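Dumped work_19.tsv below, it's TSV, C-alpha atoms:
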chain	number	residue	atom	x	y	z
V	1	MET	CA	7.77	-18.24	-48.48
V	2	PRO	CA	3.96	-18.21	-48.73
V	3	SER	CA	2.01	-15.75	-46.63
V	4	THR	CA	-1.58	-14.76	-46.10
V	5	GLY	CA	-2.47	-11.19	-45.22
V	6	THR	CA	-4.72	-10.19	-42.36
V	7	GLY	CA	-4.75	-6.40	-42.74
V	8	ARG	CA	-2.02	-3.87	-42.35
V	9	ARG	CA	-1.13	-4.89	-38.77
V	10	GLY	CA	-0.25	-8.55	-39.15
V	11	SER	CA	0.31	-11.57	-41.33
V	12	VAL	CA	0.77	-15.31	-41.15
V	13	ARG	CA	3.64	-16.96	-43.00
V	14	GLN	CA	5.14	-20.39	-43.50
V	15	ALA	CA	8.74	-21.04	-42.51
V	16	ALA	CA	11.22	-23.13	-44.48
V	17	ASN	CA	10.80	-26.06	-42.07
V	18	GLY	CA	7.07	-26.23	-42.78
V	19	THR	CA	5.83	-24.67	-39.54
V	20	TRP	CA	3.92	-21.40	-39.46
V	21	TYR	CA	4.63	-18.10	-37.76
V	22	LEU	CA	2.98	-14.73	-37.45
V	23	VAL	CA	4.20	-11.16	-37.62
V	24	VAL	CA	2.13	-8.41	-36.02
V	25	ASP	CA	2.56	-4.68	-35.42
V	26	ILE	CA	1.97	-3.94	-31.74
V	27	GLY	CA	2.49	-0.19	-32.02
V	28	VAL	CA	1.52	2.66	-34.32
V	29	GLY	CA	3.32	5.63	-35.76
V	30	ALA	CA	6.64	6.41	-34.10
V	31	ASP	CA	5.97	3.66	-31.55
V	32	ARG	CA	5.53	1.00	-34.20
V	33	GLU	CA	7.10	-2.32	-33.18
V	34	GLN	CA	6.79	-5.79	-34.62
V	35	THR	CA	6.61	-9.03	-32.72
V	36	ARG	CA	6.82	-12.58	-34.05
V	37	ARG	CA	5.45	-15.86	-32.79
V	38	ARG	CA	6.92	-19.03	-34.28
V	39	GLY	CA	6.34	-22.78	-34.22
V	40	PHE	CA	2.65	-23.11	-35.10
V	41	PRO	CA	1.85	-26.53	-36.63
V	42	SER	CA	-0.69	-25.18	-39.10
V	43	GLN	CA	-1.77	-22.01	-40.82
V	44	LYS	CA	-5.10	-22.24	-39.00
V	45	ALA	CA	-3.42	-22.28	-35.57
V	46	ALA	CA	-1.22	-19.30	-36.44
V	47	GLN	CA	-4.21	-17.42	-37.87
V	48	ALA	CA	-6.23	-18.02	-34.69
V	49	GLU	CA	-3.45	-16.63	-32.51
V	50	LEU	CA	-3.05	-13.63	-34.78
V	51	THR	CA	-6.77	-12.92	-34.56
V	52	ARG	CA	-6.59	-13.14	-30.77
V	53	ILE	CA	-3.64	-10.73	-30.62
V	54	LEU	CA	-5.30	-8.24	-32.98
V	55	GLY	CA	-8.45	-8.38	-30.88
V	56	SER	CA	-6.54	-7.68	-27.67
V	57	LEU	CA	-4.75	-4.79	-29.37
V	58	GLU	CA	-8.07	-3.28	-30.36
V	59	GLN	CA	-9.41	-3.71	-26.82
V	60	ARG	CA	-6.13	-2.40	-25.31
V	61	THR	CA	-5.66	-5.62	-23.33
V	62	TYR	CA	-2.60	-6.88	-25.20
V	63	VAL	CA	0.31	-8.02	-23.05
V	64	ALA	CA	3.67	-8.54	-24.71
V	65	PRO	CA	5.21	-11.98	-24.13
V	66	GLN	CA	7.93	-12.11	-21.48
V	67	ARG	CA	10.34	-14.75	-20.26
V	68	GLN	CA	10.12	-13.74	-16.58
V	69	THR	CA	9.39	-16.58	-14.18
V	70	LEU	CA	6.93	-16.33	-11.33
V	71	ALA	CA	9.80	-16.42	-8.79
V	72	ASP	CA	11.66	-13.63	-10.59
V	73	PHE	CA	8.54	-11.51	-10.80
V	74	LEU	CA	7.78	-11.93	-7.12
V	75	THR	CA	11.31	-11.33	-5.84
V	76	GLN	CA	12.68	-8.83	-8.35
V	77	THR	CA	9.60	-6.87	-9.43
V	78	TRP	CA	6.69	-7.24	-7.07
V	79	LEU	CA	8.25	-7.27	-3.60
V	80	PRO	CA	10.47	-4.22	-4.23
V	81	ALA	CA	7.45	-2.37	-5.63
V	82	VAL	CA	5.16	-3.03	-2.64
V	83	GLU	CA	7.77	-2.73	0.12
V	84	HIS	CA	7.03	0.90	0.86
V	85	THR	CA	3.25	0.60	0.53
V	86	ILE	CA	2.66	-1.88	3.38
V	87	LYS	CA	3.66	-2.30	7.02
V	88	PRO	CA	7.23	-3.56	7.55
V	89	GLY	CA	5.93	-6.63	9.35
V	90	THR	CA	3.56	-7.44	6.49
V	91	PHE	CA	6.36	-7.02	3.96
V	92	GLU	CA	8.65	-9.35	5.90
V	93	SER	CA	5.85	-11.90	6.07
V	94	TYR	CA	5.31	-11.65	2.30
V	95	ARG	CA	9.01	-12.02	1.59
V	96	ARG	CA	9.43	-14.96	3.95
V	97	ASN	CA	6.47	-16.86	2.48
V	98	VAL	CA	7.61	-16.21	-1.10
V	99	ARG	CA	11.08	-17.49	-0.27
V	100	LEU	CA	10.00	-20.54	1.71
V	101	HIS	CA	6.85	-21.70	-0.06
V	102	ILE	CA	6.70	-20.36	-3.63
V	103	ALA	CA	10.00	-19.38	-5.24
V	104	GLY	CA	11.75	-22.70	-4.65
V	105	ARG	CA	8.90	-24.91	-5.83
V	106	PRO	CA	8.25	-25.98	-9.45
V	107	ILE	CA	5.62	-23.27	-9.92
V	108	GLY	CA	8.27	-20.65	-9.17
V	109	ARG	CA	10.18	-21.72	-12.29
V	110	ARG	CA	7.17	-21.39	-14.56
V	111	LEU	CA	6.83	-18.32	-16.74
V	112	LEU	CA	4.65	-15.72	-15.07
V	113	GLN	CA	2.37	-15.52	-18.09
V	114	GLU	CA	1.85	-19.29	-18.17
V	115	VAL	CA	0.75	-19.84	-14.58
V	116	ASP	CA	-2.85	-21.06	-14.54
V	117	PRO	CA	-5.42	-21.92	-11.84
V	118	THR	CA	-4.71	-25.66	-11.96
V	119	GLN	CA	-1.04	-25.06	-11.18
V	120	LEU	CA	-1.98	-22.82	-8.27
V	121	ASN	CA	-4.33	-25.51	-6.96
V	122	ALA	CA	-1.49	-28.04	-7.26
V	123	LEU	CA	0.71	-25.73	-5.18
V	124	TYR	CA	-1.94	-25.39	-2.49
V	125	GLY	CA	-2.38	-29.16	-2.37
V	126	ALA	CA	1.38	-29.72	-2.09
V	127	LEU	CA	1.66	-27.19	0.73
V	128	LEU	CA	-1.15	-28.89	2.63
V	129	ALA	CA	0.30	-32.36	2.13
V	130	GLY	CA	3.96	-31.61	2.80
V	131	ASP	CA	6.81	-33.91	1.78
V	132	ASP	CA	10.22	-35.10	2.95
V	133	ALA	CA	11.70	-31.62	2.48
V	134	HIS	CA	8.75	-29.53	3.65
V	135	ARG	CA	6.40	-29.82	6.62
V	136	ALA	CA	2.70	-29.77	5.92
V	137	LEU	CA	1.09	-26.36	6.39
V	138	SER	CA	-2.28	-25.66	7.96
V	139	PRO	CA	-5.22	-24.54	5.80
V	140	ARG	CA	-4.92	-21.12	7.44
V	141	SER	CA	-1.26	-20.79	6.37
V	142	VAL	CA	-1.98	-21.94	2.81
V	143	ALA	CA	-4.91	-19.53	2.56
V	144	TYR	CA	-2.53	-16.73	3.55
V	145	ILE	CA	-0.04	-17.76	0.84
V	146	ALA	CA	-2.92	-17.84	-1.66
V	147	ALA	CA	-3.84	-14.29	-0.61
V	148	ILE	CA	-0.24	-13.17	-1.27
V	149	LEU	CA	-0.34	-14.70	-4.76
V	150	HIS	CA	-3.73	-13.17	-5.48
V	151	ARG	CA	-2.43	-9.71	-4.65
V	152	ALA	CA	0.75	-10.26	-6.67
V	153	PHE	CA	-1.18	-11.35	-9.78
V	154	ARG	CA	-3.64	-8.51	-9.30
V	155	ASP	CA	-0.73	-6.09	-9.43
V	156	ALA	CA	0.70	-7.93	-12.45
V	157	VAL	CA	-2.57	-7.31	-14.29
V	158	ARG	CA	-2.47	-3.61	-13.37
V	159	TRP	CA	1.11	-3.41	-14.63
V	160	GLN	CA	0.11	-5.20	-17.87
V	161	ALA	CA	2.45	-8.10	-17.21
V	162	VAL	CA	-0.37	-10.65	-17.51
V	163	VAL	CA	-3.80	-10.56	-19.15
V	164	ARG	CA	-5.81	-12.00	-16.25
V	165	ASN	CA	-5.41	-13.05	-12.64
V	166	PRO	CA	-5.23	-16.87	-12.47
V	167	ALA	CA	-5.78	-16.76	-8.71
V	168	ASP	CA	-9.35	-15.59	-9.34
V	169	ALA	CA	-10.24	-19.05	-10.64
V	170	ALA	CA	-8.12	-21.08	-8.20
V	171	ASP	CA	-9.52	-22.82	-5.11
V	172	PRO	CA	-7.37	-22.27	-2.02
V	173	PRO	CA	-8.44	-23.84	1.29
V	174	ARG	CA	-10.60	-21.81	3.61
V	175	ALA	CA	-8.88	-20.22	6.59
V	176	ALA	CA	-10.81	-21.98	9.32
V	177	ARG	CA	-11.50	-19.99	12.45
V	178	ARG	CA	-9.58	-21.24	15.46
V	179	ASN	CA	-11.81	-22.57	18.21
V	180	ASP	CA	-9.09	-24.54	19.98
V	181	LEU	CA	-6.95	-21.74	21.39
V	182	ALA	CA	-4.42	-23.06	23.90
V	183	THR	CA	-4.63	-21.02	27.09
V	184	TRP	CA	-3.79	-21.31	30.77
V	185	SER	CA	-6.28	-20.94	33.57
V	186	GLY	CA	-5.95	-18.09	36.02
V	187	ALA	CA	-4.38	-20.46	38.55
V	188	GLN	CA	-1.86	-21.74	36.01
V	189	LEU	CA	-0.91	-18.21	35.00
V	190	HIS	CA	-0.42	-17.33	38.66
V	191	THR	CA	1.83	-20.37	39.06
V	192	PHE	CA	3.90	-19.29	36.06
V	193	LEU	CA	4.35	-15.70	37.20
V	194	ASP	CA	5.26	-16.86	40.68
V	195	SER	CA	7.85	-19.27	39.24
V	196	VAL	CA	9.67	-16.54	37.27
V	197	ASP	CA	10.08	-14.18	40.21
V	198	LYS	CA	13.89	-14.30	39.90
V	199	ASP	CA	13.93	-14.47	36.10
V	200	ARG	CA	15.76	-11.59	34.41
V	201	LEU	CA	12.90	-11.45	31.89
V	202	ARG	CA	10.24	-11.42	34.61
V	203	VAL	CA	8.78	-8.07	33.51
V	204	CYS	CA	8.44	-9.33	29.92
V	205	TRP	CA	6.27	-12.24	31.11
V	206	TRP	CA	4.23	-9.91	33.32
V	207	LEU	CA	3.52	-7.48	30.49
V	208	LEU	CA	2.52	-10.23	28.09
V	209	ALA	CA	0.25	-11.87	30.66
V	210	THR	CA	-1.46	-8.79	32.11
V	211	THR	CA	-1.84	-6.54	29.06
V	212	GLY	CA	-2.38	-8.90	26.12
V	213	MET	CA	0.35	-7.11	24.16
V	214	ARG	CA	2.00	-8.85	21.23
V	215	ARG	CA	5.57	-10.13	21.51
V	216	GLY	CA	6.98	-7.47	19.19
V	217	GLU	CA	5.07	-4.73	21.00
V	218	VAL	CA	6.63	-5.64	24.35
V	219	LEU	CA	10.10	-5.86	22.79
V	220	GLY	CA	9.61	-2.45	21.16
V	221	LEU	CA	8.41	-0.76	24.37
V	222	ARG	CA	10.57	2.13	25.63
V	223	TRP	CA	10.58	3.69	29.08
V	224	ALA	CA	9.51	6.93	27.38
V	225	ASP	CA	6.27	5.12	26.47
V	226	VAL	CA	5.56	4.15	30.10
V	227	ASP	CA	3.93	6.37	32.73
V	228	LEU	CA	4.30	4.53	36.00
V	229	ASP	CA	2.57	7.25	38.03
V	230	ALA	CA	-0.50	7.15	35.78
V	231	GLY	CA	-0.30	3.35	35.43
V	232	THR	CA	-0.38	3.39	31.62
V	233	LEU	CA	1.81	2.63	28.63
V	234	ARG	CA	1.62	3.58	24.94
V	235	VAL	CA	2.01	1.02	22.16
V	236	VAL	CA	3.60	2.91	19.25
V	237	ARG	CA	6.10	0.52	17.68
V	238	THR	CA	7.02	-3.14	17.41
V	239	LEU	CA	10.13	-5.27	16.87
V	240	ILE	CA	9.83	-7.57	13.87
V	241	THR	CA	11.99	-10.35	12.44
V	242	THR	CA	13.44	-9.93	8.95
V	243	ASP	CA	15.49	-11.87	6.42
V	244	VAL	CA	17.96	-8.98	6.28
V	245	GLN	CA	20.97	-8.88	8.56
V	246	ARG	CA	21.38	-5.28	9.74
V	247	LYS	CA	24.42	-4.08	11.64
V	248	GLY	CA	23.61	-3.97	15.34
V	249	ALA	CA	20.25	-5.70	14.89
V	250	PRO	CA	20.70	-8.99	12.96
V	251	GLY	CA	17.42	-10.18	11.52
V	252	MET	CA	15.39	-7.47	13.26
V	253	ALA	CA	13.79	-4.14	12.39
V	254	TRP	CA	11.52	-1.58	14.01
V	255	GLY	CA	7.97	-1.47	12.72
V	256	THR	CA	4.61	0.01	13.63
V	257	PRO	CA	1.50	-1.71	15.00
V	258	LYS	CA	-0.54	-3.74	12.50
V	259	THR	CA	-3.53	-1.38	12.43
V	260	ALA	CA	-4.49	2.13	13.50
V	261	LYS	CA	-6.16	0.59	16.56
V	262	GLY	CA	-2.83	-1.05	17.34
V	263	ARG	CA	-1.48	2.36	18.38
V	264	ARG	CA	-3.12	2.49	21.77
V	265	ILE	CA	-2.85	3.34	25.45
V	266	VAL	CA	-3.01	0.35	27.78
V	267	ALA	CA	-3.95	0.64	31.44
V	268	LEU	CA	-1.77	-1.28	33.90
V	269	ASP	CA	-2.82	-3.01	37.09
V	270	PRO	CA	-0.94	-2.19	40.35
V	271	ALA	CA	0.97	-5.49	40.36
V	272	THR	CA	2.31	-4.85	36.84
V	273	VAL	CA	3.30	-1.29	37.78
V	274	ALA	CA	5.17	-2.72	40.78
V	275	ALA	CA	6.89	-5.26	38.51
V	276	LEU	CA	7.96	-2.44	36.17
V	277	ARG	CA	9.34	-0.33	39.05
V	278	LEU	CA	11.36	-3.28	40.37
V	279	HIS	CA	12.61	-4.07	36.86
V	280	ARG	CA	13.65	-0.45	36.32
V	281	THR	CA	15.78	-0.57	39.47
V	282	ARG	CA	17.38	-3.89	38.49
V	283	GLN	CA	18.01	-2.65	34.96
V	284	LEU	CA	19.84	0.47	36.19
V	285	GLU	CA	22.00	-1.71	38.44
V	286	GLU	CA	22.72	-4.01	35.51
V	287	ARG	CA	23.67	-1.03	33.35
V	288	LEU	CA	26.19	0.18	35.94
V	289	ARG	CA	27.76	-3.27	36.12
V	290	PHE	CA	28.01	-3.50	32.32
V	291	GLY	CA	29.90	-0.21	32.03
V	292	GLU	CA	30.71	1.95	29.02
V	293	GLY	CA	29.78	-0.71	26.48
V	294	TYR	CA	26.11	-0.47	27.39
V	295	ASP	CA	23.97	0.50	24.38
V	296	ASP	CA	21.16	2.56	25.89
V	297	GLN	CA	18.15	2.38	23.56
V	298	ASP	CA	15.64	3.14	26.35
V	299	LEU	CA	14.16	-0.35	26.01
V	300	VAL	CA	12.09	-1.82	28.81
V	301	VAL	CA	12.93	-5.39	27.78
V	302	CYS	CA	16.43	-5.78	26.36
V	303	ALA	CA	19.63	-7.81	26.49
V	304	ALA	CA	22.18	-7.22	29.23
V	305	ASP	CA	24.02	-4.72	27.01
V	306	GLY	CA	20.88	-2.71	26.27
V	307	THR	CA	20.32	-4.00	22.72
V	308	PRO	CA	17.04	-5.55	21.47
V	309	ILE	CA	16.37	-9.22	22.10
V	310	HIS	CA	15.47	-11.23	19.01
V	311	PRO	CA	11.76	-12.18	19.11
V	312	LYS	CA	12.55	-15.84	18.48
V	313	ALA	CA	14.92	-15.82	21.46
V	314	ILE	CA	12.11	-14.52	23.68
V	315	SER	CA	9.82	-17.32	22.49
V	316	TYR	CA	12.56	-19.86	23.25
V	317	GLN	CA	13.11	-18.46	26.74
V	318	PHE	CA	9.38	-18.55	27.42
V	319	GLY	CA	9.25	-22.22	26.47
V	320	LYS	CA	12.06	-22.98	28.93
V	321	ALA	CA	10.38	-21.03	31.72
V	322	ALA	CA	7.01	-22.73	31.12
V	323	ARG	CA	8.60	-26.19	31.19
V	324	ALA	CA	10.47	-25.34	34.38
V	325	ALA	CA	7.17	-24.34	35.97
V	326	GLY	CA	5.69	-27.73	35.04
V	327	LEU	CA	2.81	-26.19	33.09
V	328	PRO	CA	1.03	-27.39	29.93
V	329	ARG	CA	2.82	-26.37	26.77
V	330	ILE	CA	1.51	-23.22	25.07
V	331	ARG	CA	3.08	-20.74	22.66
V	332	LEU	CA	4.27	-17.34	23.77
V	333	HIS	CA	1.46	-15.78	21.71
V	334	ASP	CA	-0.99	-17.83	23.75
V	335	LEU	CA	-0.31	-15.56	26.73
V	336	ARG	CA	-2.20	-12.95	24.71
V	337	HIS	CA	-5.06	-15.42	24.22
V	338	THR	CA	-4.94	-16.27	27.92
V	339	HIS	CA	-5.25	-12.60	28.89
V	340	ALA	CA	-8.23	-12.07	26.58
V	341	THR	CA	-9.98	-15.27	27.67
V	342	LEU	CA	-9.61	-14.47	31.36
V	343	ALA	CA	-10.80	-10.90	30.80
V	344	LEU	CA	-13.94	-12.01	28.96
V	345	LYS	CA	-14.70	-14.69	31.56
V	346	ALA	CA	-14.32	-12.03	34.25
V	347	GLY	CA	-17.11	-10.06	32.58
V	348	VAL	CA	-14.97	-7.38	30.93
V	349	HIS	CA	-16.90	-5.89	28.00
V	350	PRO	CA	-15.63	-7.21	24.64
V	351	ARG	CA	-15.04	-3.67	23.37
V	352	ILE	CA	-12.65	-3.01	26.26
V	353	VAL	CA	-10.85	-6.28	25.48
V	354	GLN	CA	-10.66	-5.21	21.83
V	355	GLU	CA	-9.06	-1.89	22.81
V	356	ARG	CA	-6.53	-3.56	25.08
V	357	LEU	CA	-5.55	-6.08	22.42
V	358	GLY	CA	-5.44	-3.51	19.61
V	359	HIS	CA	-7.86	-5.39	17.34
V	360	ALA	CA	-9.15	-3.35	14.41
V	361	ASN	CA	-12.76	-3.92	15.46
V	362	VAL	CA	-14.72	-5.78	18.11
V	363	SER	CA	-15.91	-8.46	15.66
V	364	ILE	CA	-12.34	-9.79	15.44
V	365	THR	CA	-12.29	-10.12	19.22
V	366	LEU	CA	-15.65	-11.90	19.31
V	367	ASP	CA	-14.73	-14.20	16.41
V	368	THR	CA	-11.37	-15.13	17.92
V	369	TYR	CA	-12.78	-15.83	21.36
V	370	SER	CA	-16.14	-17.25	20.34
V	371	HIS	CA	-15.62	-20.15	22.78
V	372	VAL	CA	-15.69	-17.66	25.65
V	373	ASP	CA	-18.69	-15.90	24.13
V	374	LEU	CA	-20.64	-19.17	24.21
V	375	ASP	CA	-19.80	-19.63	27.90
V	376	MET	CA	-21.03	-16.09	28.56
V	377	GLN	CA	-24.19	-16.78	26.57
V	378	ALA	CA	-24.90	-19.90	28.63
V	379	ALA	CA	-24.58	-17.93	31.85
V	380	ALA	CA	-26.81	-15.19	30.46
V	381	ALA	CA	-29.40	-17.75	29.37
V	382	ALA	CA	-29.49	-19.20	32.88
V	383	ARG	CA	-30.02	-15.76	34.44
V	384	VAL	CA	-32.83	-14.92	32.02
V	385	ALA	CA	-34.44	-18.32	32.59
V	386	ALA	CA	-34.41	-17.66	36.35
V	387	LEU	CA	-36.60	-14.60	35.75
V	388	ILE	CA	-39.03	-16.50	33.52
V	389	VAL	CA	-39.28	-19.90	35.22
V	390	PRO	CA	-39.36	-19.67	39.02
V	391	ALA	CA	-38.10	-23.24	39.35
V	392	ALA	CA	-34.92	-22.15	37.62
V	393	ASN	CA	-34.19	-19.79	40.53
V	394	PRO	CA	-33.13	-21.69	43.68
V	395	ALA	CA	-34.24	-18.73	45.84
V	396	SER	CA	-37.80	-18.85	44.50
V	397	PRO	CA	-40.58	-21.11	45.84
V	398	GLN	CA	-41.42	-24.07	43.69
V	399	ALA	CA	-44.25	-23.54	41.24
V	400	PRO	CA	-47.37	-25.58	42.01

Go through the file and emit its structure as structure tokens.
Amino acid sequence: MPSTGTGRRGSVRQAANGTWYLVVDIGVGADREQTRRRGFPSQKAAQAELTRILGSLEQRTYVAPQRQTLADFLTQTWLPAVEHTIKPGTFESYRRNVRLHIAGRPIGRRLLQEVDPTQLNALYGALLAGDDAHRALSPRSVAYIAAILHRAFRDAVRWQAVVRNPADAADPPRAARRNDLATWSGAQLHTFLDSVDKDRLRVCWWLLATTGMRRGEVLGLRWADVDLDAGTLRVVRTLITTDVQRKGAPGMAWGTPKTAKGRRIVALDPATVAALRLHRTRQLEERLRFGEGYDDQDLVVCAADGTPIHPKAISYQFGKAARAAGLPRIRLHDLRHTHATLALKAGVHPRIVQERLGHANVSITLDTYSHVDLDMQAAAAARVAALIVPAANPASPQAP
């Protein structure tokens, strides 16, 4: 079996079937280990690969070949490793997107070390286009999935599972900023709140509409976090959806706010305080009627037996209540957008709106509600113009 030497760490040889293979030492001393690569059509091809491997060994960038698929890496290696380094809600979002949009697609069956930028671009295109089995995703959603993959491959490089991050050279769609937020007017919101006066979940709708809290934050609110006399509440935890079925809380888990600013104190208006007091009385009466089986978790918004309400169930109930009120269709999360939009239009300083919403910084608030900012700018421009051009001020005499 002919061979050609390439130094003490490797050699290229010809197999009996005429193809070529290489043998290379990937360790030294007590850690010495040999690896083989077979099936090269020519000595030149085998020699080139050997040279590449020896070069990576010298530069300490060598990565041993593995048979792990992208799906296996994401679900069995990466997700378990990052679970305790990120917020529970973020982890559940990562896991859900991996399961729904990556692992089951052709790219999920490819070997981790063979995934390249063109395959990632093909995935992004397929996600945007959709097919008979999958709905088309928005550019924003696909950009988020691309960000998940970028982080996963970045970690794979750090763990020496791959040589380079293919997501660096891929071209995911841009996450376009939303300028078409669906909101209700103040009159429409009043109509809705008036229509749910007898609704068991009335206080949930009031809190969402008058504080701008997130769905999970309202569902995680405890009476211990509410000070009715001071007219304030503290946001310290949130209820999130999960893929895991836990005893007593199927598909749900307690988490913490998304950012440090998410842990906040929110001031309440008198009408919301009154709604909370009335709800507290009704809840105590409901608890007495339920009897010994009541599971007291100190929740402000809960099921009749005291247990948490699944976030998706709350969204469903909101949709029913909105339809019954005869109002334009919006998502439950759009109550948060409605609160912020009305606050900004009322002249509330953006930084106060940011603090109420729990945004990490005021730029997020201004970017999200840029449509309101433009309205405010137009009003400001008119006021300034009235000081400069007398004709612009109806109270001023006409210029000659």

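Across the structure, CA of Gln66 in chain V and CA of Arg109 in chain V are spaced 13.5 Å apart.
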
Please determine the residues with any atom at most 10 Å from (9.4, -17.9, -32.8) (coordinates as given in the file, with all atoms listed in the file counting) and report them as a PyMOL selection string. chain V and resi 20-23+35-40

Go ahead and dump the residues you just picked, C-alpha atoms, as an mmCIF file, keeping the file's coordinate frame.
data_model
loop_
_atom_site.group_PDB
_atom_site.id
_atom_site.type_symbol
_atom_site.label_atom_id
_atom_site.label_comp_id
_atom_site.auth_asym_id
_atom_site.auth_seq_id
_atom_site.Cartn_x
_atom_site.Cartn_y
_atom_site.Cartn_z
ATOM 1 C CA TRP V 20 3.920 -21.400 -39.460
ATOM 2 C CA TYR V 21 4.630 -18.100 -37.760
ATOM 3 C CA LEU V 22 2.980 -14.730 -37.450
ATOM 4 C CA VAL V 23 4.200 -11.160 -37.620
ATOM 5 C CA THR V 35 6.610 -9.030 -32.720
ATOM 6 C CA ARG V 36 6.820 -12.580 -34.050
ATOM 7 C CA ARG V 37 5.450 -15.860 -32.790
ATOM 8 C CA ARG V 38 6.920 -19.030 -34.280
ATOM 9 C CA GLY V 39 6.340 -22.780 -34.220
ATOM 10 C CA PHE V 40 2.650 -23.110 -35.100
#

Atomic separation - CA of Ala143 in chain V relative to CA of Ala122 in chain V, Å: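 Computing the Euclidean distance for CA of Ala122 in chain V and CA of Ala143 in chain V yields 13.4 Å.
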
Do you have the CA of Leu149 in chain V-CA of Leu112 in chain V distance handy? 11.5 Å

Pick out the residues sitting within 12 Å of Ala156 in chain V, and hand them over as a list in words; count only C-alpha atoms, and ignore anything fewer than 4 positions along from it in its own chain.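 The residues that qualify are Val63, Gln68, Leu70, Phe73, Leu74, Thr77, Trp78, Leu79, Ala81, Val82, Leu112, Gln113, Leu149, His150, Arg151, Ala152, Gln160, Ala161, Val162, Val163, Arg164, Asn165, Pro166 and Ala167 of chain V.
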
Skip Glu83 in chain V itself and residues of its chain fewer than 6 positions away, then list as JSON, numbers by chain all residues within 12 Å of it, counting only C-alpha atoms. {"V": [74, 75, 76, 77, 89, 90, 91, 92, 93, 94, 95]}

From the list V:Arg222, V:Arg351, V:Lys44, V:His101, which residue is nearest Pro308 in chain V when using only C-alpha atoms?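 Ranking V:Arg222, V:Arg351, V:Lys44, V:His101 by distance to Pro308 in chain V, first place goes to V:Arg222.
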
Which residues, written as a ChimeraX atom specification, have at least one atom at most 9 Å from Val196 in chain V, with all atoms listed in the file counted and residues fewer than 5 positions away on the same chain left out? /V:191,201-202,205,321,325

Can I get the selected residues back with C-alpha atoms, as a PDB file, in the frame of the given file?
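Generated file (out.pdb):
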ATOM      1  CA  THR V 191       1.830 -20.370  39.060  1.00  0.00           C
ATOM      2  CA  LEU V 201      12.900 -11.450  31.890  1.00  0.00           C
ATOM      3  CA  ARG V 202      10.240 -11.420  34.610  1.00  0.00           C
ATOM      4  CA  TRP V 205       6.270 -12.240  31.110  1.00  0.00           C
ATOM      5  CA  ALA V 321      10.380 -21.030  31.720  1.00  0.00           C
ATOM      6  CA  ALA V 325       7.170 -24.340  35.970  1.00  0.00           C
TER       7      ALA V 325
END

Leaving out Pro173 in chain V and any residue of its chain fewer than 2 positions from it, which residues lie within 12 Å of it when counting only C-alpha atoms, given as a list in words? Leu120, Asn121, Ala122, Leu123, Tyr124, Gly125, Ala126, Leu127, Leu128, Leu137, Ser138, Pro139, Arg140, Ser141, Val142, Ala143, Tyr144, Ile145, Ala146, Ala147, Ala170, Asp171, Ala175 and Ala176 of chain V

Using only C-alpha atoms for the distances, tell me which of V:Ala209, V:Arg234, V:Thr51, V:His279 is nearest to Gln188 in chain V.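 Smallest distance to Gln188 in chain V is found for V:Ala209.
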
With all atoms listed in the file as the atoms that count, which of V:Leu344, V:Pro328, V:Val203, V:Thr256 lies nearest to Thr281 in chain V?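 Among V:Leu344, V:Pro328, V:Val203, V:Thr256, it is V:Val203 that comes nearest to Thr281 in chain V.
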
In terms of the shortest atom-to-atom distance over all atoms listed in the file, which of V:Trp184, V:Trp159, V:Phe153, V:Trp223 is closest to Cys302 in chain V?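 Checking each of V:Trp184, V:Trp159, V:Phe153, V:Trp223 against Cys302 in chain V, counting all atoms listed in the file, the winner is V:Trp223.
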
Under the rule that all atoms listed in the file are counted, which of V:Ala271, V:Leu284, V:Met213, V:Leu189 is the nearest residue to Leu357 in chain V?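 Among the listed residues, V:Met213 lies closest to Leu357 in chain V.
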
His349 in chain V surroundings by only C-alpha atoms, 12 Å radius, close-in-sequence under 3 positions cut, as a PyMOL selection string: chain V and resi 340-346+352-356+362+365-366+373+376

Give the answer as one residue: which of V:Val12, V:Ala71, V:Ile102, V:Ile26 has the shortest atom-to-atom distance to Ala45 in chain V, using all atoms listed in the file?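 Checking each candidate against Ala45 in chain V, we get V:Val12 as the closest.
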